[in-house]
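As stored in coords.pdb (PDB, C-alpha atoms, pLDDT in the B column):
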```pdb
ATOM      1  CA  MET A  11      -9.219  37.538 -12.246  1.00 45.00           C
ATOM      2  CA  ASP A  12     -11.354  37.179 -15.375  1.00 51.00           C
ATOM      3  CA  LEU A  13      -9.950  34.643 -17.778  1.00 48.00           C
ATOM      4  CA  PRO A  14     -10.846  34.640 -21.476  1.00 49.00           C
ATOM      5  CA  ASP A  15     -12.817  31.759 -22.918  1.00 51.00           C
ATOM      6  CA  PHE A  16      -9.964  29.600 -24.186  1.00 46.00           C
ATOM      7  CA  ASN A  17     -12.301  27.487 -26.274  1.00 49.00           C
ATOM      8  CA  GLN A  18     -12.903  30.557 -28.458  1.00 49.00           C
ATOM      9  CA  LEU A  19      -9.230  31.627 -28.498  1.00 46.00           C
ATOM     10  CA  GLU A  20      -7.311  30.778 -31.664  1.00 49.00           C
ATOM     11  CA  VAL A  21      -3.614  30.105 -31.186  1.00 47.00           C
ATOM     12  CA  THR A  22      -1.575  29.248 -34.269  1.00 50.00           C
ATOM     13  CA  SER A  23       2.000  28.579 -35.254  1.00 49.00           C
ATOM     14  CA  GLU A  24       3.150  29.718 -38.680  1.00 49.00           C
ATOM     15  CA  TYR A  25       6.238  28.506 -40.462  1.00 45.00           C
ATOM     16  CA  THR A  26       7.514  28.013 -43.974  1.00 47.00           C
ATOM     17  CA  ASN A  27       8.083  24.558 -45.345  1.00 45.00           C
ATOM     18  CA  PRO A  28      11.562  24.724 -46.971  1.00 48.00           C
ATOM     19  CA  PHE A  29      10.688  22.108 -49.583  1.00 48.00           C
ATOM     20  CA  SER A  30       7.511  23.681 -50.916  1.00 48.00           C
ATOM     21  CA  GLU A  31       7.980  27.363 -49.960  1.00 51.00           C
ATOM     22  CA  HIS A  32       4.406  27.426 -48.653  1.00 49.00           C
ATOM     23  CA  ARG A  33       3.432  28.975 -45.371  1.00 50.00           C
ATOM     24  CA  VAL A  34       1.805  26.465 -43.056  1.00 43.00           C
ATOM     25  CA  VAL A  35      -0.564  27.460 -40.255  1.00 47.00           C
ATOM     26  CA  VAL A  36      -1.080  24.931 -37.495  1.00 45.00           C
ATOM     27  CA  PRO A  37      -3.902  25.550 -35.026  1.00 50.00           C
ATOM     28  CA  GLU A  38      -2.809  25.009 -31.463  1.00 54.00           C
ATOM     29  CA  THR A  39      -6.149  24.936 -29.661  1.00 56.00           C
ATOM     30  CA  ASP A  40      -4.866  22.095 -27.502  1.00 60.00           C
ATOM     31  CA  LEU A  41      -2.136  24.403 -26.215  1.00 59.00           C
ATOM     32  CA  ALA A  42      -4.712  27.069 -25.327  1.00 65.00           C
ATOM     33  CA  GLN A  43      -6.801  24.538 -23.412  1.00 66.00           C
ATOM     34  CA  VAL A  44      -3.739  23.209 -21.610  1.00 60.00           C
ATOM     35  CA  ALA A  45      -2.673  26.761 -20.735  1.00 63.00           C
ATOM     36  CA  TYR A  46      -6.134  27.424 -19.315  1.00 67.00           C
ATOM     37  CA  TYR A  47      -5.882  24.243 -17.251  1.00 63.00           C
ATOM     38  CA  ALA A  48      -2.436  25.291 -15.983  1.00 64.00           C
ATOM     39  CA  ILE A  49      -3.672  28.760 -15.005  1.00 66.00           C
ATOM     40  CA  THR A  50      -6.718  27.457 -13.166  1.00 69.00           C
ATOM     41  CA  ASN A  51      -4.949  24.552 -11.430  1.00 67.00           C
ATOM     42  CA  GLY A  52      -1.518  26.088 -10.905  1.00 63.00           C
ATOM     43  CA  GLY A  53       0.524  23.353 -12.618  1.00 66.00           C
ATOM     44  CA  LEU A  54       2.924  23.876 -15.523  1.00 65.00           C
ATOM     45  CA  THR A  55       3.652  20.262 -16.442  1.00 70.00           C
ATOM     46  CA  PRO A  56       0.752  19.938 -18.957  1.00 65.00           C
ATOM     47  CA  VAL A  57       1.817  23.190 -20.641  1.00 66.00           C
ATOM     48  CA  ILE A  58       5.404  22.028 -20.987  1.00 75.00           C
ATOM     49  CA  LYS A  59       4.320  18.669 -22.426  1.00 74.00           C
ATOM     50  CA  GLU A  60       1.946  20.269 -24.917  1.00 74.00           C
ATOM     51  CA  GLU A  61       4.552  22.837 -25.987  1.00 78.00           C
ATOM     52  CA  LEU A  62       7.092  20.064 -26.503  1.00 80.00           C
ATOM     53  CA  ARG A  63       4.590  18.090 -28.577  1.00 80.00           C
ATOM     54  CA  ASN A  64       3.861  21.158 -30.723  1.00 81.00           C
ATOM     55  CA  THR A  65       7.586  21.875 -31.193  1.00 84.00           C
ATOM     56  CA  ILE A  66       8.231  18.314 -32.363  1.00 84.00           C
ATOM     57  CA  GLN A  67       5.252  18.454 -34.764  1.00 82.00           C
ATOM     58  CA  ARG A  68       6.421  21.823 -36.174  1.00 83.00           C
ATOM     59  CA  LYS A  69       9.981  20.551 -36.753  1.00 85.00           C
ATOM     60  CA  ARG A  70       8.672  17.412 -38.479  1.00 83.00           C
ATOM     61  CA  LEU A  71       6.474  19.483 -40.782  1.00 82.00           C
ATOM     62  CA  GLU A  72       9.298  21.953 -41.499  1.00 83.00           C
ATOM     63  CA  SER A  73      11.588  19.110 -42.539  1.00 83.00           C
ATOM     64  CA  GLY A  74       8.951  17.720 -44.913  1.00 81.00           C
ATOM     65  CA  GLU A  75       7.918  14.758 -42.773  1.00 81.00           C
ATOM     66  CA  HIS A  76       4.312  13.961 -42.017  1.00 75.00           C
ATOM     67  CA  ALA A  77       2.753  14.855 -38.687  1.00 72.00           C
ATOM     68  CA  LEU A  78       2.851  12.261 -35.956  1.00 71.00           C
ATOM     69  CA  THR A  79      -0.411  10.792 -34.796  1.00 72.00           C
ATOM     70  CA  VAL A  80      -0.872   8.675 -31.738  1.00 67.00           C
ATOM     71  CA  THR A  81      -3.079   5.643 -32.008  1.00 72.00           C
ATOM     72  CA  PHE A  82      -3.791   3.195 -29.279  1.00 69.00           C
ATOM     73  CA  MET A  83      -4.335  -0.406 -30.226  1.00 76.00           C
ATOM     74  CA  GLU A  84      -6.009  -2.981 -28.088  1.00 76.00           C
ATOM     75  CA  PRO A  85      -3.565  -5.657 -26.944  1.00 73.00           C
ATOM     76  CA  LYS A  86      -3.924  -8.905 -28.816  1.00 76.00           C
ATOM     77  CA  LEU A  87      -4.999 -11.834 -26.754  1.00 77.00           C
ATOM     78  CA  GLU A  88      -2.911 -14.844 -27.621  1.00 80.00           C
ATOM     79  CA  GLN A  89      -4.714 -18.118 -28.018  1.00 85.00           C
ATOM     80  CA  LEU A  90      -3.154 -20.912 -26.013  1.00 83.00           C
ATOM     81  CA  THR A  91      -2.655 -24.331 -27.489  1.00 90.00           C
ATOM     82  CA  PRO A  92      -4.497 -27.236 -25.847  1.00 90.00           C
ATOM     83  CA  GLU A  93      -1.202 -28.343 -24.228  1.00 92.00           C
ATOM     84  CA  GLU A  94      -0.625 -24.871 -22.808  1.00 91.00           C
ATOM     85  CA  GLU A  95      -4.225 -24.724 -21.587  1.00 91.00           C
ATOM     86  CA  GLU A  96      -3.774 -28.069 -19.838  1.00 94.00           C
ATOM     87  CA  ARG A  97      -0.477 -26.967 -18.241  1.00 94.00           C
ATOM     88  CA  ARG A  98      -2.089 -23.708 -17.189  1.00 92.00           C
ATOM     89  CA  GLY A  99      -5.015 -25.611 -15.643  1.00 94.00           C
ATOM     90  CA  ILE A 100      -2.666 -27.945 -13.764  1.00 96.00           C
ATOM     91  CA  ARG A 101      -0.559 -25.016 -12.550  1.00 96.00           C
ATOM     92  CA  ARG A 102      -3.674 -23.153 -11.385  1.00 96.00           C
ATOM     93  CA  GLU A 103      -4.957 -26.252  -9.569  1.00 97.00           C
ATOM     94  CA  ARG A 104      -1.594 -26.721  -7.826  1.00 97.00           C
ATOM     95  CA  ASN A 105      -1.567 -23.065  -6.882  1.00 97.00           C
ATOM     96  CA  ARG A 106      -5.129 -23.302  -5.540  1.00 97.00           C
ATOM     97  CA  LEU A 107      -4.201 -26.335  -3.419  1.00 97.00           C
ATOM     98  CA  ALA A 108      -1.017 -24.670  -2.159  1.00 97.00           C
ATOM     99  CA  ALA A 109      -2.951 -21.529  -1.211  1.00 97.00           C
ATOM    100  CA  GLN A 110      -5.575 -23.642   0.557  1.00 97.00           C
ATOM    101  CA  LYS A 111      -2.849 -25.526   2.450  1.00 97.00           C
ATOM    102  CA  CYS A 112      -1.149 -22.255   3.408  1.00 97.00           C
ATOM    103  CA  ARG A 113      -4.427 -20.784   4.692  1.00 97.00           C
ATOM    104  CA  SER A 114      -5.090 -23.977   6.657  1.00 97.00           C
ATOM    105  CA  LYS A 115      -1.625 -23.871   8.280  1.00 97.00           C
ATOM    106  CA  LYS A 116      -2.065 -20.207   9.097  1.00 97.00           C
ATOM    107  CA  LYS A 117      -5.434 -20.924  10.748  1.00 97.00           C
ATOM    108  CA  MET A 118      -3.925 -23.818  12.723  1.00 97.00           C
ATOM    109  CA  ARG A 119      -1.086 -21.584  13.957  1.00 97.00           C
ATOM    110  CA  ALA A 120      -3.565 -18.900  14.979  1.00 96.00           C
ATOM    111  CA  ASP A 121      -5.729 -21.476  16.822  1.00 97.00           C
ATOM    112  CA  TYR A 122      -2.631 -22.869  18.578  1.00 97.00           C
ATOM    113  CA  LEU A 123      -1.573 -19.377  19.655  1.00 97.00           C
ATOM    114  CA  ILE A 124      -5.056 -18.644  20.988  1.00 97.00           C
ATOM    115  CA  LEU A 125      -5.078 -21.891  23.003  1.00 96.00           C
ATOM    116  CA  ASP A 126      -1.566 -21.198  24.290  1.00 97.00           C
ATOM    117  CA  ALA A 127      -2.589 -17.680  25.333  1.00 96.00           C
ATOM    118  CA  GLN A 128      -5.641 -19.062  27.161  1.00 97.00           C
ATOM    119  CA  LYS A 129      -3.477 -21.607  29.001  1.00 97.00           C
ATOM    120  CA  LEU A 130      -1.005 -18.897  30.003  1.00 97.00           C
ATOM    121  CA  GLU A 131      -3.828 -16.663  31.223  1.00 97.00           C
ATOM    122  CA  CYS A 132      -5.200 -19.515  33.375  1.00 97.00           C
ATOM    123  CA  SER A 133      -1.726 -20.254  34.712  1.00 97.00           C
ATOM    124  CA  ASN A 134      -1.157 -16.567  35.454  1.00 97.00           C
ATOM    125  CA  THR A 135      -4.496 -16.340  37.277  1.00 97.00           C
ATOM    126  CA  GLU A 136      -3.636 -19.422  39.360  1.00 97.00           C
ATOM    127  CA  LEU A 137      -0.177 -18.073  40.238  1.00 97.00           C
ATOM    128  CA  ARG A 138      -1.640 -14.727  41.298  1.00 97.00           C
ATOM    129  CA  ARG A 139      -4.148 -16.592  43.488  1.00 97.00           C
ATOM    130  CA  GLN A 140      -1.296 -18.557  45.086  1.00 98.00           C
ATOM    131  CA  ILE A 141       0.666 -15.324  45.692  1.00 98.00           C
ATOM    132  CA  ARG A 142      -2.320 -13.770  47.473  1.00 97.00           C
ATOM    133  CA  GLN A 143      -2.766 -16.930  49.556  1.00 98.00           C
ATOM    134  CA  LEU A 144       0.928 -17.067  50.519  1.00 98.00           C
ATOM    135  CA  LYS A 145       0.962 -13.357  51.439  1.00 98.00           C
ATOM    136  CA  ALA A 146      -2.080 -13.876  53.648  1.00 97.00           C
ATOM    137  CA  GLU A 147      -0.429 -16.904  55.282  1.00 98.00           C
ATOM    138  CA  LYS A 148       2.790 -14.935  55.824  1.00 97.00           C
ATOM    139  CA  GLN A 149       0.871 -12.083  57.452  1.00 97.00           C
ATOM    140  CA  LYS A 150      -0.986 -14.549  59.655  1.00 97.00           C
ATOM    141  CA  LEU A 151       2.293 -16.160  60.773  1.00 96.00           C
ATOM    142  CA  TRP A 152       3.862 -12.725  61.508  1.00 94.00           C
ATOM    143  CA  ASP A 153       0.818 -11.812  63.608  1.00 94.00           C
ATOM    144  CA  ILE A 154       1.128 -15.088  65.542  1.00 93.00           C
ATOM    145  CA  LEU A 155       4.860 -14.458  66.085  1.00 90.00           C
ATOM    146  CA  LYS A 156       4.204 -10.912  67.329  1.00 90.00           C
ATOM    147  CA  GLU A 157       1.641 -12.169  69.827  1.00 89.00           C
ATOM    148  CA  HIS A 158       4.007 -14.875  70.954  1.00 88.00           C
ATOM    149  CA  LEU A 159       6.864 -12.392  71.471  1.00 87.00           C
ATOM    150  CA  LYS A 160       4.622 -10.234  73.642  1.00 84.00           C
ATOM    151  CA  THR A 161       3.844 -13.118  76.001  1.00 83.00           C
ATOM    152  CA  CYS A 162       7.114 -15.019  75.824  1.00 79.00           C
ATOM    153  CA  PRO A 163       9.431 -14.455  78.838  1.00 68.00           C
ATOM    154  CA  LYS A 164      12.457 -14.924  76.684  1.00 71.00           C
ATOM    155  CA  SER A 165      12.458 -12.337  73.975  1.00 61.00           C
ATOM    156  CA  LEU A 166      14.425 -13.132  70.917  1.00 58.00           C
ATOM    157  CA  GLN A 167      17.398 -10.897  70.429  1.00 55.00           C
ATOM    158  CA  GLY A 168      17.944  -9.496  66.896  1.00 55.00           C
ATOM    159  CA  VAL A 169      14.515 -10.434  65.518  1.00 55.00           C
ATOM    160  CA  THR A 170      13.134  -7.635  63.410  1.00 56.00           C
ATOM    161  CA  MET A 171       9.602  -7.333  62.383  1.00 53.00           C
TER     162      MET A 171
END
```
Using structure tokens, write down the structure from this file.
Amino acid sequence: MDLPDFNQLEVTSEYTNPFSEHRVVVPETDLAQVAYYAITNGGLTPVIKEELRNTIQRKRLESGEHALTVTFMEPKLEQLTPEEEERRGIRRERNRLAAQKCRSKKKMRADYLILDAQKLECSNTELRRQIRQLKAEKQKLWDILKEHLKTCPKSLQGVTM
């Protein structure tokens, strides 16, 4: 789909100012650019916003009011008094110390958990070693009992192996 060059397209709104009986022509090149953006990107929100802005401007001009302009001003930085600067410095120092203390406690907790995990791993390893040793001893005792039962003249009644 070939789209026209919207930078060259002239879109205007005409209306009559009731107070001066003059026809006013307002170029709406912004609307054409926004429409082009909407067509190429598939979104209608910019078109709706621009149309609303143009409608508000037209109504203001029709009622004899001046056109709205948007200006952005840099925020003013407030100067702090020496007392406020001192309080701010003290508060920042306290906050720095509190953050340092919190990080230290967090590191200590992490170190404690690591040591505890290492101890538990050692204990677990030792218990597994003991289990293997006890199983081997049990098997050895069962083997001795089986050999004994084979050679013993009195066999034990009700012994299951």
*atom CA of A:Ala77 to atom CA of A:Arg63: how many Å, to one decimal?*
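Interatomic distance here is 10.8 Å.
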*Between atom CA of A:Asn134 and atom CA of A:Leu151, measure the distance and give it in Å to one decimal.*
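Atom-to-atom, atom CA of A:Asn134 and atom CA of A:Leu151 are spaced 25.6 Å apart.
When atom CA of A:Leu78 is paired with atom CA of A:Asn64, their separation reads 10.4 Å.
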